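Here is structure.pdb, consisting of PDB, N, CA, C and O atoms:
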ATOM      1  N   MET A   1       0.065   8.391  -0.596
ATOM      2  CA  MET A   1      -0.095   6.962  -0.417
ATOM      3  C   MET A   1      -1.590   6.626  -0.291
ATOM      4  O   MET A   1      -2.089   5.739  -0.953
ATOM      5  N   TYR A   2      -2.297   7.366   0.576
ATOM      6  CA  TYR A   2      -3.725   7.097   0.797
ATOM      7  C   TYR A   2      -4.527   7.382  -0.468
ATOM      8  O   TYR A   2      -5.358   6.581  -0.874
ATOM      9  N   ASN A   3      -4.273   8.524  -1.112
ATOM     10  CA  ASN A   3      -5.055   8.914  -2.290
ATOM     11  C   ASN A   3      -4.891   7.955  -3.455
ATOM     12  O   ASN A   3      -5.826   7.714  -4.205
ATOM     13  N   SER A   4      -3.733   7.395  -3.641
ATOM     14  CA  SER A   4      -3.535   6.453  -4.740
ATOM     15  C   SER A   4      -4.037   5.060  -4.380
ATOM     16  O   SER A   4      -4.302   4.245  -5.254
ATOM     17  N   CYS A   5      -4.198   4.793  -3.104
ATOM     18  CA  CYS A   5      -4.637   3.474  -2.654
ATOM     19  C   CYS A   5      -6.103   3.219  -3.000
ATOM     20  O   CYS A   5      -6.437   2.137  -3.477
ATOM     21  N   ILE A   6      -6.972   4.175  -2.763
ATOM     22  CA  ILE A   6      -8.415   3.977  -2.972
ATOM     23  C   ILE A   6      -8.721   3.543  -4.408
ATOM     24  O   ILE A   6      -9.356   2.512  -4.611
ATOM     25  N   PRO A   7      -8.262   4.285  -5.423
ATOM     26  CA  PRO A   7      -8.586   3.849  -6.792
ATOM     27  C   PRO A   7      -8.022   2.475  -7.142
ATOM     28  O   PRO A   7      -8.671   1.690  -7.838
ATOM     29  N   SER A   8      -6.844   2.157  -6.639
ATOM     30  CA  SER A   8      -6.238   0.879  -7.004
ATOM     31  C   SER A   8      -6.891  -0.307  -6.302
ATOM     32  O   SER A   8      -6.794  -1.434  -6.777
ATOM     33  N   THR A   9      -7.563  -0.075  -5.188
ATOM     34  CA  THR A   9      -8.199  -1.184  -4.471
ATOM     35  C   THR A   9      -9.680  -1.345  -4.800
ATOM     36  O   THR A   9     -10.300  -2.314  -4.385
ATOM     37  N   THR A  10     -10.241  -0.407  -5.553
ATOM     38  CA  THR A  10     -11.671  -0.485  -5.869
ATOM     39  C   THR A  10     -11.942  -0.797  -7.338
ATOM     40  O   THR A  10     -13.062  -0.657  -7.799
ATOM     41  N   LYS A  11     -10.909  -1.212  -8.063
ATOM     42  CA  LYS A  11     -11.118  -1.580  -9.466
ATOM     43  C   LYS A  11     -10.571  -2.976  -9.716
ATOM     44  O   LYS A  11      -9.720  -3.470  -8.986
ATOM     45  N   GLY A  12     -11.084  -3.621 -10.720
ATOM     46  CA  GLY A  12     -10.576  -4.933 -11.102
ATOM     47  C   GLY A  12     -11.354  -6.071 -10.478
ATOM     48  O   GLY A  12     -12.316  -5.885  -9.738
ATOM     49  N   LEU A  13     -10.922  -7.276 -10.785
ATOM     50  CA  LEU A  13     -11.615  -8.480 -10.337
ATOM     51  C   LEU A  13     -11.596  -8.664  -8.827
ATOM     52  O   LEU A  13     -12.549  -9.164  -8.241
ATOM     53  N   ASN A  14     -10.517  -8.301  -8.194
ATOM     54  CA  ASN A  14     -10.386  -8.494  -6.745
ATOM     55  C   ASN A  14     -10.613  -7.198  -5.972
ATOM     56  O   ASN A  14     -10.021  -6.984  -4.922
ATOM     57  N   SER A  15     -11.489  -6.356  -6.482
ATOM     58  CA  SER A  15     -11.677  -5.049  -5.867
ATOM     59  C   SER A  15     -12.391  -5.154  -4.522
ATOM     60  O   SER A  15     -13.111  -6.104  -4.236
ATOM     61  N   LEU A  16     -12.145  -4.154  -3.701
ATOM     62  CA  LEU A  16     -12.776  -4.052  -2.389
ATOM     63  C   LEU A  16     -13.978  -3.126  -2.481
ATOM     64  O   LEU A  16     -14.054  -2.283  -3.374
ATOM     65  N   THR A  17     -14.900  -3.249  -1.540
ATOM     66  CA  THR A  17     -15.966  -2.263  -1.443
ATOM     67  C   THR A  17     -15.320  -0.936  -1.054
ATOM     68  O   THR A  17     -14.201  -0.919  -0.518
ATOM     69  N   LEU A  18     -16.009   0.148  -1.276
ATOM     70  CA  LEU A  18     -15.449   1.449  -0.936
ATOM     71  C   LEU A  18     -15.167   1.536   0.564
ATOM     72  O   LEU A  18     -14.132   2.052   0.974
ATOM     73  N   PHE A  19     -16.056   0.998   1.392
ATOM     74  CA  PHE A  19     -15.837   1.015   2.840
ATOM     75  C   PHE A  19     -14.566   0.244   3.202
ATOM     76  O   PHE A  19     -13.726   0.738   3.955
ATOM     77  N   ASP A  20     -14.435  -0.984   2.696
ATOM     78  CA  ASP A  20     -13.249  -1.793   2.989
ATOM     79  C   ASP A  20     -11.986  -1.136   2.453
ATOM     80  O   ASP A  20     -10.931  -1.180   3.094
ATOM     81  N   ALA A  21     -12.081  -0.524   1.277
ATOM     82  CA  ALA A  21     -10.921   0.159   0.706
ATOM     83  C   ALA A  21     -10.476   1.306   1.604
ATOM     84  O   ALA A  21      -9.277   1.503   1.825
ATOM     85  N   LYS A  22     -11.432   2.055   2.153
ATOM     86  CA  LYS A  22     -11.080   3.169   3.041
ATOM     87  C   LYS A  22     -10.415   2.660   4.315
ATOM     88  O   LYS A  22      -9.430   3.239   4.774
ATOM     89  N   VAL A  23     -10.939   1.578   4.892
ATOM     90  CA  VAL A  23     -10.335   1.002   6.096
ATOM     91  C   VAL A  23      -8.914   0.530   5.795
ATOM     92  O   VAL A  23      -7.962   0.841   6.518
ATOM     93  N   TYR A  24      -8.763  -0.221   4.698
ATOM     94  CA  TYR A  24      -7.458  -0.751   4.311
ATOM     95  C   TYR A  24      -6.472   0.381   4.019
ATOM     96  O   TYR A  24      -5.342   0.373   4.517
ATOM     97  N   CYS A  25      -6.880   1.346   3.236
ATOM     98  CA  CYS A  25      -5.965   2.415   2.822
ATOM     99  C   CYS A  25      -5.575   3.324   3.987
ATOM    100  O   CYS A  25      -4.438   3.780   4.057
ATOM    101  N   GLU A  26      -6.505   3.566   4.890
ATOM    102  CA  GLU A  26      -6.163   4.348   6.078
ATOM    103  C   GLU A  26      -5.135   3.595   6.916
ATOM    104  O   GLU A  26      -4.167   4.177   7.419
ATOM    105  N   CYS A  27      -5.323   2.297   7.047
ATOM    106  CA  CYS A  27      -4.371   1.460   7.781
ATOM    107  C   CYS A  27      -2.995   1.498   7.114
ATOM    108  O   CYS A  27      -1.973   1.666   7.788
ATOM    109  N   ILE A  28      -2.965   1.354   5.808
ATOM    110  CA  ILE A  28      -1.691   1.384   5.065
ATOM    111  C   ILE A  28      -0.991   2.727   5.260
ATOM    112  O   ILE A  28       0.217   2.784   5.523
ATOM    113  N   ALA A  29      -1.744   3.820   5.148
ATOM    114  CA  ALA A  29      -1.148   5.149   5.298
ATOM    115  C   ALA A  29      -0.598   5.340   6.707
ATOM    116  O   ALA A  29       0.529   5.818   6.878
ATOM    117  N   ASN A  30      -1.363   4.954   7.712
ATOM    118  CA  ASN A  30      -0.902   5.103   9.096
ATOM    119  C   ASN A  30       0.305   4.227   9.388
ATOM    120  O   ASN A  30       1.253   4.662  10.038
ATOM    121  N   ASN A  31       0.289   2.997   8.906
ATOM    122  CA  ASN A  31       1.424   2.099   9.120
ATOM    123  C   ASN A  31       2.652   2.578   8.370
ATOM    124  O   ASN A  31       3.769   2.426   8.852
ATOM    125  N   GLY A  32       2.452   3.138   7.189
ATOM    126  CA  GLY A  32       3.577   3.652   6.409
ATOM    127  C   GLY A  32       4.316   4.747   7.138
ATOM    128  O   GLY A  32       5.553   4.787   7.159
ATOM    129  N   ILE A  33       3.564   5.609   7.790
ATOM    130  CA  ILE A  33       4.163   6.698   8.551
ATOM    131  C   ILE A  33       4.940   6.157   9.745
ATOM    132  O   ILE A  33       5.999   6.667  10.096
ATOM    133  N   ASN A  34       4.426   5.098  10.355
ATOM    134  CA  ASN A  34       5.060   4.549  11.552
ATOM    135  C   ASN A  34       6.239   3.626  11.265
ATOM    136  O   ASN A  34       7.146   3.516  12.081
ATOM    137  N   LYS A  35       6.232   2.941  10.137
ATOM    138  CA  LYS A  35       7.266   1.939   9.853
ATOM    139  C   LYS A  35       8.422   2.455   8.999
ATOM    140  O   LYS A  35       9.498   1.898   9.035
ATOM    141  N   PHE A  36       8.174   3.491   8.198
ATOM    142  CA  PHE A  36       9.181   3.976   7.259
ATOM    143  C   PHE A  36       9.687   5.355   7.655
ATOM    144  O   PHE A  36       8.937   6.165   8.186
ATOM    145  N   THR A  37      10.940   5.622   7.334
ATOM    146  CA  THR A  37      11.441   6.982   7.420
ATOM    147  C   THR A  37      10.969   7.720   6.161
ATOM    148  O   THR A  37      10.556   7.096   5.174
ATOM    149  N   ILE A  38      11.041   9.010   6.188
ATOM    150  CA  ILE A  38      10.673   9.810   5.013
ATOM    151  C   ILE A  38      11.531   9.413   3.820
ATOM    152  O   ILE A  38      11.036   9.273   2.705
ATOM    153  N   GLU A  39      12.822   9.208   4.053
ATOM    154  CA  GLU A  39      13.729   8.829   2.977
ATOM    155  C   GLU A  39      13.318   7.494   2.351
ATOM    156  O   GLU A  39      13.324   7.337   1.134
ATOM    157  N   GLU A  40      12.943   6.528   3.194
ATOM    158  CA  GLU A  40      12.513   5.224   2.689
ATOM    159  C   GLU A  40      11.228   5.349   1.865
ATOM    160  O   GLU A  40      11.092   4.714   0.816
ATOM    161  N   LEU A  41      10.297   6.169   2.327
ATOM    162  CA  LEU A  41       9.044   6.359   1.580
ATOM    163  C   LEU A  41       9.280   7.022   0.230
ATOM    164  O   LEU A  41       8.704   6.621  -0.777
ATOM    165  N   ILE A  42      10.135   8.029   0.211
ATOM    166  CA  ILE A  42      10.439   8.715  -1.051
ATOM    167  C   ILE A  42      11.102   7.750  -2.024
ATOM    168  O   ILE A  42      10.739   7.705  -3.205
ATOM    169  N   LEU A  43      12.043   6.959  -1.560
ATOM    170  CA  LEU A  43      12.715   5.984  -2.414
ATOM    171  C   LEU A  43      11.723   4.951  -2.940
ATOM    172  O   LEU A  43      11.701   4.649  -4.141
ATOM    173  N   LEU A  44      10.890   4.423  -2.074
ATOM    174  CA  LEU A  44       9.905   3.423  -2.482
ATOM    175  C   LEU A  44       8.932   3.998  -3.501
ATOM    176  O   LEU A  44       8.664   3.374  -4.534
ATOM    177  N   GLU A  45       8.403   5.181  -3.244
ATOM    178  CA  GLU A  45       7.455   5.777  -4.187
ATOM    179  C   GLU A  45       8.112   6.107  -5.518
ATOM    180  O   GLU A  45       7.489   5.967  -6.565
ATOM    181  N   SER A  46       9.377   6.518  -5.508
ATOM    182  CA  SER A  46      10.061   6.797  -6.769
ATOM    183  C   SER A  46      10.265   5.523  -7.576
ATOM    184  O   SER A  46      10.197   5.530  -8.801
ATOM    185  N   GLN A  47      10.498   4.408  -6.905
ATOM    186  CA  GLN A  47      10.620   3.119  -7.596
ATOM    187  C   GLN A  47       9.273   2.681  -8.155
ATOM    188  O   GLN A  47       9.191   2.159  -9.265
ATOM    189  N   LEU A  48       8.210   2.897  -7.409
ATOM    190  CA  LEU A  48       6.871   2.468  -7.838
ATOM    191  C   LEU A  48       6.371   3.233  -9.049
ATOM    192  O   LEU A  48       5.645   2.684  -9.871
ATOM    193  N   GLU A  49       6.750   4.496  -9.171
ATOM    194  CA  GLU A  49       6.281   5.340 -10.273
ATOM    195  C   GLU A  49       6.627   4.781 -11.639
ATOM    196  O   GLU A  49       5.902   4.994 -12.601
ATOM    197  N   THR A  50       7.721   4.074 -11.739
ATOM    198  CA  THR A  50       8.191   3.601 -13.042
ATOM    199  C   THR A  50       7.653   2.223 -13.423
ATOM    200  O   THR A  50       7.930   1.733 -14.498
ATOM    201  N   LEU A  51       6.875   1.594 -12.526
ATOM    202  CA  LEU A  51       6.448   0.214 -12.742
ATOM    203  C   LEU A  51       4.972   0.111 -13.114
ATOM    204  O   LEU A  51       4.178   0.975 -12.762
ATOM    205  N   ASN A  52       4.630  -0.994 -13.784
ATOM    206  CA  ASN A  52       3.219  -1.264 -14.041
ATOM    207  C   ASN A  52       2.600  -1.853 -12.769
ATOM    208  O   ASN A  52       3.291  -2.142 -11.801
ATOM    209  N   GLU A  53       1.288  -2.039 -12.772
ATOM    210  CA  GLU A  53       0.566  -2.473 -11.567
ATOM    211  C   GLU A  53       1.081  -3.804 -11.007
ATOM    212  O   GLU A  53       1.289  -3.941  -9.801
ATOM    213  N   ASP A  54       1.298  -4.788 -11.864
ATOM    214  CA  ASP A  54       1.781  -6.098 -11.393
ATOM    215  C   ASP A  54       3.163  -5.991 -10.754
ATOM    216  O   ASP A  54       3.426  -6.600  -9.712
ATOM    217  N   ASP A  55       4.040  -5.219 -11.384
ATOM    218  CA  ASP A  55       5.387  -5.056 -10.838
ATOM    219  C   ASP A  55       5.373  -4.258  -9.529
ATOM    220  O   ASP A  55       6.189  -4.487  -8.645
ATOM    221  N   ARG A  56       4.421  -3.330  -9.408
ATOM    222  CA  ARG A  56       4.287  -2.581  -8.151
ATOM    223  C   ARG A  56       3.936  -3.523  -7.005
ATOM    224  O   ARG A  56       4.507  -3.439  -5.925
ATOM    225  N   VAL A  57       2.981  -4.396  -7.260
ATOM    226  CA  VAL A  57       2.571  -5.359  -6.232
ATOM    227  C   VAL A  57       3.749  -6.244  -5.852
ATOM    228  O   VAL A  57       4.011  -6.480  -4.671
ATOM    229  N   SER A  58       4.489  -6.714  -6.842
ATOM    230  CA  SER A  58       5.651  -7.569  -6.575
ATOM    231  C   SER A  58       6.685  -6.847  -5.723
ATOM    232  O   SER A  58       7.204  -7.405  -4.750
ATOM    233  N   LEU A  59       6.985  -5.599  -6.070
ATOM    234  CA  LEU A  59       7.966  -4.825  -5.315
ATOM    235  C   LEU A  59       7.493  -4.612  -3.884
ATOM    236  O   LEU A  59       8.271  -4.774  -2.934
ATOM    237  N   MET A  60       6.239  -4.300  -3.710
ATOM    238  CA  MET A  60       5.708  -4.062  -2.361
ATOM    239  C   MET A  60       5.792  -5.328  -1.506
ATOM    240  O   MET A  60       6.102  -5.263  -0.334
ATOM    241  N   LEU A  61       5.532  -6.469  -2.101
ATOM    242  CA  LEU A  61       5.545  -7.709  -1.324
ATOM    243  C   LEU A  61       6.960  -8.249  -1.086
ATOM    244  O   LEU A  61       7.156  -9.082  -0.211
ATOM    245  N   LEU A  62       7.919  -7.769  -1.842
ATOM    246  CA  LEU A  62       9.317  -8.147  -1.599
ATOM    247  C   LEU A  62       9.907  -7.382  -0.417
ATOM    248  O   LEU A  62      10.844  -7.845   0.214
ATOM    249  N   ASN A  63       9.341  -6.227  -0.124
ATOM    250  CA  ASN A  63       9.814  -5.409   0.978
ATOM    251  C   ASN A  63       9.188  -5.922   2.274
ATOM    252  O   ASN A  63       7.976  -6.016   2.390
ATOM    253  N   LYS A  64       9.999  -6.252   3.262
ATOM    254  CA  LYS A  64       9.501  -6.837   4.517
ATOM    255  C   LYS A  64       8.532  -5.905   5.239
ATOM    256  O   LYS A  64       7.538  -6.349   5.804
ATOM    257  N   LYS A  65       8.830  -4.621   5.231
ATOM    258  CA  LYS A  65       7.960  -3.666   5.926
ATOM    259  C   LYS A  65       6.595  -3.570   5.252
ATOM    260  O   LYS A  65       5.576  -3.571   5.934
ATOM    261  N   THR A  66       6.592  -3.466   3.935
ATOM    262  CA  THR A  66       5.304  -3.345   3.250
ATOM    263  C   THR A  66       4.525  -4.650   3.310
ATOM    264  O   THR A  66       3.298  -4.631   3.439
ATOM    265  N   LYS A  67       5.205  -5.769   3.240
ATOM    266  CA  LYS A  67       4.517  -7.060   3.340
ATOM    267  C   LYS A  67       3.829  -7.183   4.695
ATOM    268  O   LYS A  67       2.685  -7.617   4.787
ATOM    269  N   SER A  68       4.510  -6.775   5.746
ATOM    270  CA  SER A  68       3.936  -6.796   7.082
ATOM    271  C   SER A  68       2.727  -5.862   7.173
ATOM    272  O   SER A  68       1.701  -6.207   7.760
ATOM    273  N   MET A  69       2.846  -4.677   6.581
ATOM    274  CA  MET A  69       1.738  -3.720   6.579
ATOM    275  C   MET A  69       0.523  -4.283   5.853
ATOM    276  O   MET A  69      -0.604  -4.190   6.348
ATOM    277  N   VAL A  70       0.740  -4.849   4.678
ATOM    278  CA  VAL A  70      -0.359  -5.391   3.884
ATOM    279  C   VAL A  70      -1.062  -6.510   4.646
ATOM    280  O   VAL A  70      -2.292  -6.531   4.740
ATOM    281  N   THR A  71      -0.296  -7.403   5.222
ATOM    282  CA  THR A  71      -0.874  -8.503   5.997
ATOM    283  C   THR A  71      -1.696  -7.973   7.163
ATOM    284  O   THR A  71      -2.830  -8.397   7.382
ATOM    285  N   ASN A  72      -1.137  -7.041   7.885
ATOM    286  CA  ASN A  72      -1.822  -6.445   9.026
ATOM    287  C   ASN A  72      -3.108  -5.742   8.594
ATOM    288  O   ASN A  72      -4.164  -5.921   9.205
ATOM    289  N   CYS A  73      -3.045  -4.955   7.542
ATOM    290  CA  CYS A  73      -4.200  -4.166   7.120
ATOM    291  C   CYS A  73      -5.273  -5.025   6.475
ATOM    292  O   CYS A  73      -6.470  -4.729   6.627
ATOM    293  N   LEU A  74      -4.891  -6.066   5.774
ATOM    294  CA  LEU A  74      -5.903  -6.972   5.212
ATOM    295  C   LEU A  74      -6.678  -7.667   6.312
ATOM    296  O   LEU A  74      -7.860  -7.973   6.136
ATOM    297  N   SER A  75      -6.059  -7.899   7.451
ATOM    298  CA  SER A  75      -6.755  -8.560   8.557
ATOM    299  C   SER A  75      -7.833  -7.659   9.175
ATOM    300  O   SER A  75      -8.692  -8.146   9.897
ATOM    301  N   LYS A  76      -7.796  -6.368   8.864
ATOM    302  CA  LYS A  76      -8.767  -5.431   9.418
ATOM    303  C   LYS A  76     -10.058  -5.330   8.608
ATOM    304  O   LYS A  76     -11.011  -4.714   9.045
ATOM    305  N   ILE A  77     -10.045  -5.942   7.422
ATOM    306  CA  ILE A  77     -11.261  -5.866   6.578
ATOM    307  C   ILE A  77     -11.940  -7.225   6.466
ATOM    308  O   ILE A  77     -11.418  -8.220   6.805
TER     309      ILE A  77
END
Is it possible to give me this structure as structure tokens?
Amino acid sequence: MYNSCIPSTTKGLNSLTLFDAKVYCECIANNGINKFTIEELILLESQLETLNEDDRVSLMLLNKKTKSMVTNCLSKI
């Protein structure tokens, strides 16, 4: 989760600085461990693998746990 987060947050028009990306991605990884069971994480990651970037974002924001994590972690940067 952490390793794939850095490249995806530091490219494109809305990219983060490397420092902000590290803060955000560390927060996401830590929250993921605390909010999800292993089974939920495996299921979510298997669903994400088959999607393009836009659809991944949509899926993540439809999930209440991930939406809460993203909101929380964005507030830290």
Inset, instruction - Report the distance between atom CA of A:Lys76 and atom CA of A:Val23 in Å, rounded to one decimal place. - result: 7.4 Å
Legend entry - Residues flagged alpha helix (DSSP H) by DSSP in chain A, as a ChimeraX atom specification: /A:2-9,18-35,38-49,53-62,64-74
Inset, instruction - For A:Cys25, work out the shell of residues within 8 Å, counting all atoms listed in the file and skipping chain neighbours fewer than 4 positions away, then give it as an MDAnalysis selection string. - result: chainID A and resid 1:6 18:21 29:32 73
Legend entry - Separation of atom CA of A:Leu48 from atom N of A:Met60 in Å: 8.0 Å
Produce the centre coordinates and the three edge lengths, each in Å to one decimal, of the box along x, y and z that contains all listed atoms of stretch 23-28 of chain A with 4 Å added on each side, as AutoDock Vina command-line options.
--center_x -5.4 --center_y 1.8 --center_z 5.3 --size_x 19.2 --size_y 13.1 --size_z 13.0
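Nearest to A:Ser8 of all the residues A:Gln47, A:Asn52, A:Asn72, A:Thr37 is A:Asn52, counting only C-alpha atoms.
Here atom CA of A:Leu62 stands at a distance of 23.8 Å from atom C of A:Leu16.
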